[in-house]
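> Hey, dropping my_file-v2.cif in here, mmCIF, N, CA and C atoms:
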data_data
loop_
_atom_site.label_atom_id
_atom_site.label_comp_id
_atom_site.auth_asym_id
_atom_site.auth_seq_id
_atom_site.Cartn_x
_atom_site.Cartn_y
_atom_site.Cartn_z
N MET A 225 -1.04 -19.84 -13.61
CA MET A 225 -2.46 -19.91 -13.32
C MET A 225 -2.95 -21.31 -13.67
N ASN A 226 -3.96 -21.80 -12.95
CA ASN A 226 -4.42 -23.15 -13.25
C ASN A 226 -5.50 -23.14 -14.32
N GLU A 227 -5.99 -24.33 -14.65
CA GLU A 227 -6.92 -24.45 -15.77
C GLU A 227 -8.26 -23.77 -15.54
N ASN A 228 -8.66 -23.56 -14.32
CA ASN A 228 -9.96 -22.91 -14.12
C ASN A 228 -9.83 -21.39 -13.96
N ASN A 229 -8.63 -20.87 -14.15
CA ASN A 229 -8.40 -19.42 -14.14
C ASN A 229 -8.74 -18.74 -12.82
N ARG A 230 -8.73 -19.47 -11.71
CA ARG A 230 -9.04 -18.85 -10.43
C ARG A 230 -7.89 -18.92 -9.43
N ILE A 231 -6.81 -19.60 -9.77
CA ILE A 231 -5.64 -19.62 -8.90
C ILE A 231 -4.48 -19.02 -9.69
N PHE A 232 -3.86 -18.00 -9.10
CA PHE A 232 -2.80 -17.27 -9.77
C PHE A 232 -1.47 -17.56 -9.08
N TYR A 233 -0.42 -17.64 -9.89
CA TYR A 233 0.93 -17.91 -9.42
C TYR A 233 1.85 -16.77 -9.87
N PRO A 234 1.81 -15.65 -9.16
CA PRO A 234 2.69 -14.54 -9.57
C PRO A 234 4.16 -14.97 -9.59
N PRO A 235 4.94 -14.45 -10.53
CA PRO A 235 6.33 -14.89 -10.68
C PRO A 235 7.30 -14.27 -9.68
N ILE A 236 6.80 -13.50 -8.74
CA ILE A 236 7.66 -12.91 -7.70
C ILE A 236 7.15 -13.41 -6.35
N GLY A 237 7.87 -13.19 -5.27
CA GLY A 237 7.62 -13.81 -3.97
C GLY A 237 6.31 -13.50 -3.30
N THR A 238 5.20 -13.88 -3.92
CA THR A 238 3.91 -13.59 -3.31
C THR A 238 3.05 -14.83 -3.12
N GLY A 239 3.64 -16.01 -3.15
CA GLY A 239 2.88 -17.23 -2.93
C GLY A 239 1.85 -17.44 -4.02
N THR A 240 0.66 -17.91 -3.62
CA THR A 240 -0.44 -18.10 -4.56
C THR A 240 -1.62 -17.24 -4.15
N ILE A 241 -2.43 -16.90 -5.14
CA ILE A 241 -3.60 -16.08 -4.90
C ILE A 241 -4.78 -16.78 -5.56
N GLU A 242 -5.79 -17.11 -4.75
CA GLU A 242 -6.98 -17.78 -5.27
C GLU A 242 -8.14 -16.80 -5.30
N LEU A 243 -8.73 -16.65 -6.47
CA LEU A 243 -9.90 -15.79 -6.64
C LEU A 243 -11.12 -16.53 -6.11
N LYS A 244 -11.77 -15.99 -5.10
CA LYS A 244 -12.95 -16.61 -4.51
C LYS A 244 -14.24 -16.01 -5.09
N VAL A 245 -14.26 -14.68 -5.28
CA VAL A 245 -15.42 -13.99 -5.87
C VAL A 245 -14.87 -12.96 -6.84
N SER A 246 -15.30 -13.03 -8.09
CA SER A 246 -14.77 -12.13 -9.10
C SER A 246 -15.57 -10.83 -9.19
N SER A 247 -14.93 -9.85 -9.77
CA SER A 247 -15.57 -8.58 -10.06
C SER A 247 -16.80 -8.81 -10.94
N GLU A 248 -16.67 -9.71 -11.89
CA GLU A 248 -17.79 -10.02 -12.80
C GLU A 248 -18.99 -10.55 -12.02
N GLU A 249 -18.74 -11.34 -10.98
CA GLU A 249 -19.83 -11.92 -10.19
C GLU A 249 -20.52 -10.91 -9.28
N THR A 250 -19.89 -9.74 -9.09
CA THR A 250 -20.46 -8.72 -8.18
C THR A 250 -20.77 -7.41 -8.91
N ASN A 251 -20.90 -7.47 -10.22
CA ASN A 251 -21.14 -6.26 -11.02
C ASN A 251 -20.10 -5.18 -10.74
N GLY A 252 -18.86 -5.61 -10.51
CA GLY A 252 -17.76 -4.68 -10.31
C GLY A 252 -17.60 -4.16 -8.89
N GLU A 253 -18.47 -4.55 -8.00
CA GLU A 253 -18.45 -4.00 -6.63
C GLU A 253 -17.22 -4.43 -5.84
N LEU A 254 -16.80 -5.69 -5.97
CA LEU A 254 -15.65 -6.18 -5.21
C LEU A 254 -15.06 -7.41 -5.86
N SER A 255 -13.85 -7.73 -5.44
CA SER A 255 -13.20 -9.01 -5.74
C SER A 255 -12.69 -9.56 -4.42
N MET A 256 -12.78 -10.88 -4.24
CA MET A 256 -12.33 -11.51 -3.00
C MET A 256 -11.30 -12.59 -3.34
N PHE A 257 -10.21 -12.60 -2.56
CA PHE A 257 -9.10 -13.51 -2.80
C PHE A 257 -8.63 -14.14 -1.49
N ILE A 258 -7.98 -15.29 -1.60
CA ILE A 258 -7.20 -15.84 -0.49
C ILE A 258 -5.77 -15.94 -0.98
N GLN A 259 -4.86 -15.29 -0.24
CA GLN A 259 -3.45 -15.36 -0.57
C GLN A 259 -2.76 -16.30 0.41
N THR A 260 -1.94 -17.19 -0.13
CA THR A 260 -1.15 -18.11 0.67
C THR A 260 0.31 -17.70 0.52
N LEU A 261 0.93 -17.36 1.65
CA LEU A 261 2.33 -16.91 1.64
C LEU A 261 3.21 -17.91 2.38
N PRO A 262 4.10 -18.59 1.67
CA PRO A 262 5.06 -19.45 2.34
C PRO A 262 6.00 -18.63 3.23
N VAL A 263 6.66 -19.29 4.15
CA VAL A 263 7.63 -18.63 5.02
C VAL A 263 8.66 -17.91 4.16
N GLY A 264 8.97 -16.67 4.53
CA GLY A 264 9.99 -15.90 3.83
C GLY A 264 9.52 -15.15 2.60
N GLU A 265 8.24 -15.26 2.23
CA GLU A 265 7.76 -14.57 1.04
C GLU A 265 6.89 -13.39 1.41
N GLY A 266 6.77 -12.46 0.45
CA GLY A 266 5.94 -11.29 0.65
C GLY A 266 5.87 -10.44 -0.60
N THR A 267 5.04 -9.43 -0.55
CA THR A 267 4.84 -8.54 -1.69
C THR A 267 5.86 -7.41 -1.67
N ASN A 268 6.14 -6.84 -2.82
CA ASN A 268 6.88 -5.58 -2.86
C ASN A 268 5.98 -4.50 -2.28
N ALA A 269 6.59 -3.41 -1.82
CA ALA A 269 5.79 -2.25 -1.40
C ALA A 269 5.06 -1.73 -2.64
N HIS A 270 3.78 -1.49 -2.49
CA HIS A 270 2.97 -1.04 -3.61
C HIS A 270 1.81 -0.21 -3.11
N LEU A 271 1.14 0.45 -4.03
CA LEU A 271 -0.08 1.15 -3.68
C LEU A 271 -1.12 0.90 -4.75
N LEU A 272 -2.36 0.99 -4.34
CA LEU A 272 -3.49 0.76 -5.23
C LEU A 272 -4.16 2.09 -5.52
N ARG A 273 -4.24 2.44 -6.80
CA ARG A 273 -4.84 3.72 -7.20
C ARG A 273 -6.36 3.64 -7.34
N ASN A 274 -6.87 2.43 -7.68
CA ASN A 274 -8.28 2.31 -8.05
C ASN A 274 -9.16 1.60 -7.04
N CYS A 275 -8.59 1.12 -5.92
CA CYS A 275 -9.42 0.36 -4.98
C CYS A 275 -8.83 0.40 -3.58
N GLU A 276 -9.67 0.08 -2.61
CA GLU A 276 -9.25 -0.14 -1.24
C GLU A 276 -9.09 -1.65 -1.05
N GLU A 277 -8.38 -2.01 0.02
CA GLU A 277 -8.16 -3.43 0.31
C GLU A 277 -8.49 -3.67 1.78
N THR A 278 -9.28 -4.70 2.04
CA THR A 278 -9.60 -5.11 3.40
C THR A 278 -9.13 -6.55 3.55
N GLY A 279 -8.41 -6.85 4.65
CA GLY A 279 -7.86 -8.19 4.83
C GLY A 279 -8.24 -8.81 6.16
N TYR A 280 -8.17 -10.14 6.21
CA TYR A 280 -8.49 -10.90 7.41
C TYR A 280 -7.56 -12.12 7.45
N VAL A 281 -6.81 -12.29 8.53
CA VAL A 281 -5.84 -13.38 8.63
C VAL A 281 -6.55 -14.69 9.01
N LEU A 282 -6.35 -15.70 8.16
CA LEU A 282 -6.95 -17.01 8.37
C LEU A 282 -6.01 -17.98 9.08
N GLU A 283 -4.71 -17.93 8.72
CA GLU A 283 -3.70 -18.82 9.30
C GLU A 283 -2.37 -18.08 9.37
N GLY A 284 -1.58 -18.40 10.40
CA GLY A 284 -0.24 -17.85 10.51
C GLY A 284 -0.20 -16.40 10.96
N ARG A 285 0.91 -15.75 10.65
CA ARG A 285 1.12 -14.34 11.02
C ARG A 285 1.65 -13.61 9.81
N ILE A 286 1.17 -12.37 9.63
CA ILE A 286 1.69 -11.53 8.56
C ILE A 286 2.20 -10.22 9.15
N LYS A 287 3.19 -9.67 8.49
CA LYS A 287 3.72 -8.35 8.84
C LYS A 287 3.29 -7.42 7.71
N VAL A 288 2.76 -6.26 8.09
CA VAL A 288 2.25 -5.32 7.10
C VAL A 288 2.87 -3.95 7.35
N SER A 289 3.41 -3.36 6.30
CA SER A 289 3.79 -1.95 6.38
C SER A 289 2.63 -1.18 5.75
N LEU A 290 2.22 -0.14 6.43
CA LEU A 290 1.12 0.69 5.95
C LEU A 290 1.57 2.13 6.13
N GLY A 291 1.95 2.77 5.01
CA GLY A 291 2.58 4.08 5.12
C GLY A 291 3.90 3.92 5.84
N ASP A 292 4.07 4.64 6.94
CA ASP A 292 5.33 4.55 7.69
C ASP A 292 5.23 3.68 8.94
N LYS A 293 4.14 2.94 9.10
CA LYS A 293 3.95 2.07 10.26
C LYS A 293 4.10 0.60 9.83
N ILE A 294 4.62 -0.23 10.75
CA ILE A 294 4.73 -1.66 10.53
C ILE A 294 4.05 -2.36 11.69
N LYS A 295 3.18 -3.32 11.38
CA LYS A 295 2.43 -4.03 12.42
C LYS A 295 2.30 -5.50 12.03
N GLU A 296 2.24 -6.37 13.04
CA GLU A 296 2.00 -7.80 12.81
C GLU A 296 0.54 -8.12 13.09
N PHE A 297 0.02 -9.07 12.31
CA PHE A 297 -1.37 -9.51 12.46
C PHE A 297 -1.38 -11.02 12.53
N GLY A 298 -2.24 -11.57 13.42
CA GLY A 298 -2.38 -13.01 13.56
C GLY A 298 -3.79 -13.45 13.23
N VAL A 299 -4.05 -14.72 13.42
CA VAL A 299 -5.34 -15.31 13.10
C VAL A 299 -6.47 -14.50 13.74
N GLY A 300 -7.45 -14.15 12.93
CA GLY A 300 -8.60 -13.39 13.41
C GLY A 300 -8.45 -11.88 13.33
N ASP A 301 -7.25 -11.40 13.04
CA ASP A 301 -7.03 -9.95 12.91
C ASP A 301 -7.44 -9.48 11.52
N SER A 302 -7.88 -8.24 11.46
CA SER A 302 -8.25 -7.65 10.17
C SER A 302 -7.54 -6.33 9.98
N LEU A 303 -7.48 -5.88 8.73
CA LEU A 303 -6.82 -4.62 8.41
C LEU A 303 -7.49 -3.98 7.22
N PHE A 304 -7.31 -2.67 7.10
CA PHE A 304 -7.86 -1.91 5.98
C PHE A 304 -6.74 -1.08 5.37
N VAL A 305 -6.64 -1.09 4.05
CA VAL A 305 -5.64 -0.32 3.32
C VAL A 305 -6.36 0.64 2.38
N PRO A 306 -6.32 1.95 2.68
CA PRO A 306 -6.95 2.92 1.78
C PRO A 306 -6.20 3.03 0.45
N ARG A 307 -6.86 3.59 -0.54
CA ARG A 307 -6.21 3.87 -1.82
C ARG A 307 -5.00 4.77 -1.62
N ASN A 308 -4.03 4.61 -2.50
CA ASN A 308 -2.86 5.49 -2.59
C ASN A 308 -1.96 5.48 -1.36
N ILE A 309 -2.07 4.46 -0.50
CA ILE A 309 -1.20 4.33 0.66
C ILE A 309 -0.21 3.19 0.40
N PRO A 310 1.10 3.48 0.39
CA PRO A 310 2.07 2.41 0.18
C PRO A 310 1.96 1.34 1.27
N HIS A 311 2.01 0.08 0.84
CA HIS A 311 1.95 -1.02 1.79
C HIS A 311 2.64 -2.25 1.22
N ALA A 312 3.05 -3.14 2.11
CA ALA A 312 3.66 -4.42 1.75
C ALA A 312 3.22 -5.44 2.78
N ILE A 313 3.14 -6.69 2.36
CA ILE A 313 2.71 -7.77 3.25
C ILE A 313 3.74 -8.89 3.16
N SER A 314 4.17 -9.40 4.32
CA SER A 314 5.13 -10.51 4.35
C SER A 314 4.68 -11.53 5.38
N ASN A 315 5.10 -12.77 5.18
CA ASN A 315 4.86 -13.81 6.16
C ASN A 315 5.78 -13.53 7.35
N ALA A 316 5.20 -13.31 8.53
CA ALA A 316 5.99 -12.95 9.72
C ALA A 316 6.23 -14.14 10.63
N GLY A 317 5.76 -15.30 10.24
CA GLY A 317 5.87 -16.45 11.13
C GLY A 317 6.77 -17.54 10.61
N ASP A 318 6.65 -18.71 11.23
CA ASP A 318 7.46 -19.85 10.82
C ASP A 318 6.62 -20.95 10.19
N THR A 319 5.38 -20.60 9.83
CA THR A 319 4.49 -21.49 9.08
C THR A 319 3.85 -20.70 7.95
N THR A 320 3.24 -21.39 7.02
CA THR A 320 2.54 -20.73 5.92
C THR A 320 1.45 -19.82 6.48
N ALA A 321 1.32 -18.65 5.89
CA ALA A 321 0.26 -17.72 6.26
C ALA A 321 -0.80 -17.69 5.16
N ARG A 322 -2.06 -17.59 5.56
CA ARG A 322 -3.16 -17.44 4.60
C ARG A 322 -4.03 -16.31 5.07
N PHE A 323 -4.39 -15.44 4.15
CA PHE A 323 -5.30 -14.37 4.50
C PHE A 323 -6.24 -14.08 3.36
N LEU A 324 -7.44 -13.68 3.75
CA LEU A 324 -8.47 -13.30 2.81
C LEU A 324 -8.33 -11.81 2.57
N PHE A 325 -8.44 -11.37 1.34
CA PHE A 325 -8.50 -9.93 1.11
C PHE A 325 -9.52 -9.61 0.05
N ILE A 326 -10.16 -8.47 0.25
CA ILE A 326 -11.23 -8.00 -0.62
C ILE A 326 -10.82 -6.64 -1.15
N THR A 327 -10.97 -6.46 -2.46
CA THR A 327 -10.72 -5.14 -3.04
C THR A 327 -12.06 -4.54 -3.45
N THR A 328 -12.22 -3.26 -3.14
CA THR A 328 -13.44 -2.54 -3.50
C THR A 328 -13.07 -1.23 -4.18
N PRO A 329 -13.57 -0.98 -5.37
CA PRO A 329 -14.31 -1.92 -6.19
C PRO A 329 -13.43 -3.07 -6.66
N GLY A 330 -14.04 -4.01 -7.37
CA GLY A 330 -13.32 -5.19 -7.85
C GLY A 330 -12.52 -4.92 -9.12
N GLY A 331 -11.89 -5.98 -9.59
CA GLY A 331 -11.17 -5.91 -10.85
C GLY A 331 -9.70 -6.25 -10.78
N LEU A 332 -9.13 -6.36 -9.57
CA LEU A 332 -7.69 -6.60 -9.45
C LEU A 332 -7.29 -7.99 -9.98
N GLU A 333 -8.26 -8.88 -10.16
CA GLU A 333 -7.93 -10.20 -10.70
C GLU A 333 -7.33 -10.10 -12.11
N GLY A 334 -7.65 -9.05 -12.84
CA GLY A 334 -7.04 -8.85 -14.16
C GLY A 334 -5.54 -8.69 -14.06
N TYR A 335 -5.07 -8.00 -13.03
CA TYR A 335 -3.63 -7.84 -12.79
C TYR A 335 -2.99 -9.19 -12.46
N PHE A 336 -3.60 -9.92 -11.53
CA PHE A 336 -3.02 -11.21 -11.13
C PHE A 336 -2.97 -12.18 -12.30
N LYS A 337 -3.98 -12.18 -13.16
CA LYS A 337 -3.97 -13.05 -14.34
C LYS A 337 -2.81 -12.69 -15.25
N LYS A 338 -2.64 -11.41 -15.54
CA LYS A 338 -1.59 -10.97 -16.46
C LYS A 338 -0.19 -11.27 -15.92
N ILE A 339 0.06 -11.01 -14.63
CA ILE A 339 1.41 -11.26 -14.14
C ILE A 339 1.69 -12.76 -13.98
N SER A 340 0.64 -13.55 -13.74
CA SER A 340 0.83 -15.00 -13.62
C SER A 340 1.21 -15.62 -14.96
N ASP A 341 0.88 -14.95 -16.04
CA ASP A 341 1.21 -15.44 -17.38
C ASP A 341 2.62 -15.09 -17.81
N GLN A 342 3.38 -14.36 -16.98
CA GLN A 342 4.71 -13.91 -17.37
C GLN A 342 5.75 -15.01 -17.15
N GLU A 343 6.72 -15.06 -18.03
CA GLU A 343 7.82 -16.03 -17.94
C GLU A 343 8.74 -15.64 -16.79
N ARG A 344 8.92 -16.50 -15.83
CA ARG A 344 9.71 -16.22 -14.63
C ARG A 344 11.18 -15.94 -14.91
N SER A 345 11.72 -16.54 -15.96
CA SER A 345 13.14 -16.39 -16.22
C SER A 345 13.47 -15.23 -17.16
N SER A 346 12.49 -14.45 -17.53
CA SER A 346 12.71 -13.36 -18.46
C SER A 346 13.57 -12.26 -17.82
N PRO A 347 14.58 -11.75 -18.54
CA PRO A 347 15.46 -10.72 -17.96
C PRO A 347 14.75 -9.40 -17.69
N ASP A 348 13.64 -9.14 -18.38
CA ASP A 348 12.93 -7.87 -18.17
C ASP A 348 11.64 -8.06 -17.37
N LEU A 349 11.61 -9.11 -16.53
CA LEU A 349 10.42 -9.44 -15.76
C LEU A 349 9.94 -8.27 -14.90
N THR A 350 10.84 -7.63 -14.17
CA THR A 350 10.45 -6.53 -13.29
C THR A 350 9.82 -5.40 -14.08
N GLU A 351 10.41 -5.04 -15.20
CA GLU A 351 9.86 -3.96 -16.04
C GLU A 351 8.47 -4.33 -16.56
N ARG A 352 8.31 -5.57 -17.00
CA ARG A 352 7.01 -6.00 -17.53
C ARG A 352 5.95 -5.99 -16.43
N ILE A 353 6.31 -6.46 -15.23
CA ILE A 353 5.34 -6.46 -14.13
C ILE A 353 4.95 -5.03 -13.77
N GLN A 354 5.91 -4.12 -13.74
CA GLN A 354 5.58 -2.72 -13.42
C GLN A 354 4.66 -2.12 -14.48
N SER A 355 4.87 -2.45 -15.73
CA SER A 355 4.01 -1.96 -16.81
C SER A 355 2.59 -2.51 -16.68
N ILE A 356 2.48 -3.80 -16.39
CA ILE A 356 1.17 -4.43 -16.20
C ILE A 356 0.48 -3.83 -14.99
N ALA A 357 1.23 -3.65 -13.90
CA ALA A 357 0.67 -3.08 -12.67
C ALA A 357 0.06 -1.71 -12.94
N LYS A 358 0.80 -0.87 -13.63
CA LYS A 358 0.33 0.49 -13.91
C LYS A 358 -0.99 0.47 -14.68
N LYS A 359 -1.13 -0.45 -15.62
CA LYS A 359 -2.37 -0.56 -16.41
C LYS A 359 -3.55 -0.97 -15.55
N HIS A 360 -3.27 -1.57 -14.38
CA HIS A 360 -4.34 -2.04 -13.49
C HIS A 360 -4.46 -1.20 -12.22
N GLY A 361 -3.88 0.01 -12.24
CA GLY A 361 -4.02 0.90 -11.09
C GLY A 361 -3.18 0.55 -9.90
N LEU A 362 -2.11 -0.21 -10.11
CA LEU A 362 -1.24 -0.62 -9.03
C LEU A 362 0.15 -0.09 -9.34
N GLU A 363 0.84 0.43 -8.34
CA GLU A 363 2.18 0.97 -8.54
C GLU A 363 3.14 0.36 -7.54
N VAL A 364 4.20 -0.27 -8.03
CA VAL A 364 5.25 -0.82 -7.17
C VAL A 364 6.14 0.35 -6.75
N VAL A 365 6.29 0.54 -5.42
CA VAL A 365 7.03 1.71 -4.92
C VAL A 365 8.23 1.34 -4.06
N GLY A 366 8.50 0.05 -3.88
CA GLY A 366 9.65 -0.33 -3.07
C GLY A 366 9.82 -1.82 -2.96
N PRO A 367 10.83 -2.24 -2.24
CA PRO A 367 11.12 -3.67 -2.07
C PRO A 367 10.18 -4.31 -1.04
N PRO A 368 10.24 -5.64 -0.93
CA PRO A 368 9.47 -6.32 0.13
C PRO A 368 9.97 -5.89 1.52
N LEU A 369 9.16 -6.16 2.52
CA LEU A 369 9.57 -5.92 3.91
C LEU A 369 10.71 -6.84 4.26
N SER A 370 11.64 -6.34 5.04
CA SER A 370 12.70 -7.23 5.53
C SER A 370 12.13 -8.03 6.69
N LEU A 371 12.51 -9.30 6.76
CA LEU A 371 11.95 -10.18 7.81
C LEU A 371 12.89 -10.38 8.95
#
Spell out the structure here as structure tokens.


Amino acid sequence: MNENNRIFYPPIGTGTIELKVSSEETNGELSMFIQTLPVGEGTNAHLLRNCEETGYVLEGRIKVSLGDKIKEFGVGDSLFVPRNIPHAISNAGDTTARFLFITTPGGLEGYFKKISDQERSSPDLTERIQSIAKKHGLEVVGPPLSL
């Protein structure tokens, strides 16, 4: 994470996440982020217990699994992820992808801060991330999407 605590560097293949609007700034109503995914990177399959996620592609192409469906999204496309639905996001193109995502209600920035503080070379990194995720209403349920 950088010195102003608004850019997060998760230790697993998820690029960078910049907090644009915090939960604190919206009385808990939402949090807004921009995620930058380099070519070949993506999130593990996960689900959110405490919030919904709405996304909008700013640059590049992303591949999203949502439940048992997989779809690609390009610039200007939007998507909605309900609570408790397994999903994963990967860069589907040959350039960096950037997308805006909003969680409602807010608060997911607490998770990104905690995982960004983890030592990348730690042998128990996956276990620690799963423990942190659970405390923030997020559950890792599978590997990243294959590209």

> Name all residues at most 12 Å from Ile356 in chain A (count only C-alpha atoms; drop same-chain ones fewer than 6 positions away) and give them as an MDAnalysis selection string.

chainID A and resid 332 334:342 349:350 362:364

> Report as a PyMOL selection string the full result of the PyMOL selection byres (((chain A and resi 292 and name CA) around 10) and name CA) when it is applied to this structure.

chain A and resi 289-291+293-294+309-311

> Restricting the output to N, CA and C atoms, write the selected residues as a PDB file, in the frame of the given file.


ATOM      1  N   SER A 289       3.410  -3.360   6.300  1.00  0.00           N
ATOM      2  CA  SER A 289       3.790  -1.950   6.380  1.00  0.00           C
ATOM      3  C   SER A 289       2.630  -1.180   5.750  1.00  0.00           C
ATOM      4  N   LEU A 290       2.220  -0.140   6.430  1.00  0.00           N
ATOM      5  CA  LEU A 290       1.120   0.690   5.950  1.00  0.00           C
ATOM      6  C   LEU A 290       1.570   2.130   6.130  1.00  0.00           C
ATOM      7  N   GLY A 291       1.950   2.770   5.010  1.00  0.00           N
ATOM      8  CA  GLY A 291       2.580   4.080   5.120  1.00  0.00           C
ATOM      9  C   GLY A 291       3.900   3.920   5.840  1.00  0.00           C
ATOM     10  N   LYS A 293       4.140   2.940   9.100  1.00  0.00           N
ATOM     11  CA  LYS A 293       3.950   2.070  10.260  1.00  0.00           C
ATOM     12  C   LYS A 293       4.100   0.600   9.830  1.00  0.00           C
ATOM     13  N   ILE A 294       4.620  -0.230  10.750  1.00  0.00           N
ATOM     14  CA  ILE A 294       4.730  -1.660  10.530  1.00  0.00           C
ATOM     15  C   ILE A 294       4.050  -2.360  11.690  1.00  0.00           C
ATOM     16  N   ILE A 309      -2.070   4.460  -0.500  1.00  0.00           N
ATOM     17  CA  ILE A 309      -1.200   4.330   0.660  1.00  0.00           C
ATOM     18  C   ILE A 309      -0.210   3.190   0.400  1.00  0.00           C
ATOM     19  N   PRO A 310       1.100   3.480   0.390  1.00  0.00           N
ATOM     20  CA  PRO A 310       2.070   2.410   0.180  1.00  0.00           C
ATOM     21  C   PRO A 310       1.960   1.340   1.270  1.00  0.00           C
ATOM     22  N   HIS A 311       2.010   0.080   0.840  1.00  0.00           N
ATOM     23  CA  HIS A 311       1.950  -1.020   1.790  1.00  0.00           C
ATOM     24  C   HIS A 311       2.640  -2.250   1.220  1.00  0.00           C
TER      25      HIS A 311
END

> Residues of range 231-362 of chain A in helix (DSSP H, G or I) according to DSSP, as a list in words?

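In range 231-362 of chain A, DSSP puts these residues in helix (DSSP H, G or I): Glu248, Glu249, Thr250, Glu333, Gly334, Tyr335, Phe336, Lys337, Lys338, Ile339, Ser340, Leu349, Thr350, Glu351, Arg352, Ile353, Gln354, Ser355, Ile356, Ala357, Lys358 and Lys359 of chain A.
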
> Would you mind listing what lies within 6.5 Å of Glu253 in chain A as a PyMOL selection string, with only N, CA and C atoms counted and same-chain residues fewer than 2 positions away left out?

chain A and resi 247+250-251+255+327-330

> Rounded to one decimal, what separation in Å do you get between CA of Val263 in chain A and CA of Thr240 in chain A?

12.5 Å

> As an MDAnalysis selection string, please: all residues of range 253-285 of chain A that backbone DSSP puts in strand (DSSP E or B).

chainID A and resid 255:261 266 268:272 276:283

> Name the closest residue to Thr260 in chain A among the candidates A:Arg307, A:Lys359, A:Arg322, A:Arg344; distances are taken between atoms, counting all atoms listed in the file.

A:Arg322

> For a quick check of understanding, using all atoms listed in the file, which of A:Ser370, A:Val281, A:Arg230, A:Ala312 has the smallest distance to Phe297 in chain A?

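Looking only at the distances to Phe297 in chain A, the closest residue turns out to be A:Val281.
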
> Edge lengths and centre, in Å to one decimal, as AutoDock Vina command-line options: that's what I need for the box along x, y and z that holds all listed atoms of range 297-315 of chain A plus 5 Å on each side.


--center_x -1.4 --center_y -4.9 --center_z 5.6 --size_x 24.4 --size_y 30.8 --size_z 26.3

> To one decimal in Å, tell me the separation between CA of Thr278 in chain A and CA of Asn308 in chain A.

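The value is 13.9 Å.
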
> As a check of understanding, name the residues that the PyMOL selection byres ((chain A and resi 277) around 8) selects in the supplied structure, as a PyMOL selection string.

chain A and resi 272+274-276+278-280+303-307+325-329

> When distances are computed from only N, CA and C atoms, which of A:Thr238, A:Gln354, A:Ser346, A:Ser246 shows the smallest separation from Gly266 in chain A?

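Nearest candidate to Gly266 in chain A out of A:Thr238, A:Gln354, A:Ser346, A:Ser246: A:Thr238.
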
> In Å, rounded to a single decimal, give me how far CA of Ile286 in chain A is from CA of Ser355 in chain A.

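Going from CA of Ser355 in chain A over to CA of Ile286 in chain A, I get 27.2 Å.
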
> With the PyMOL selection byres ((chain A and resi 368) around 5) as the selection, what would be picked from this file? Answer as a list in words, please.

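Output of the PyMOL selection byres ((chain A and resi 368) around 5): Thr267, Asn268, Ala269, Gly366, Pro367, Leu369 and Ser370 of chain A.
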
> Restricting the calculation to only C-alpha atoms, which member of A:Met256, A:Val288, A:Ile353, A:Leu271 is positioned closest to Ile236 in chain A?

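Using only C-alpha atoms, the shortest distance to Ile236 in chain A belongs to A:Ile353.
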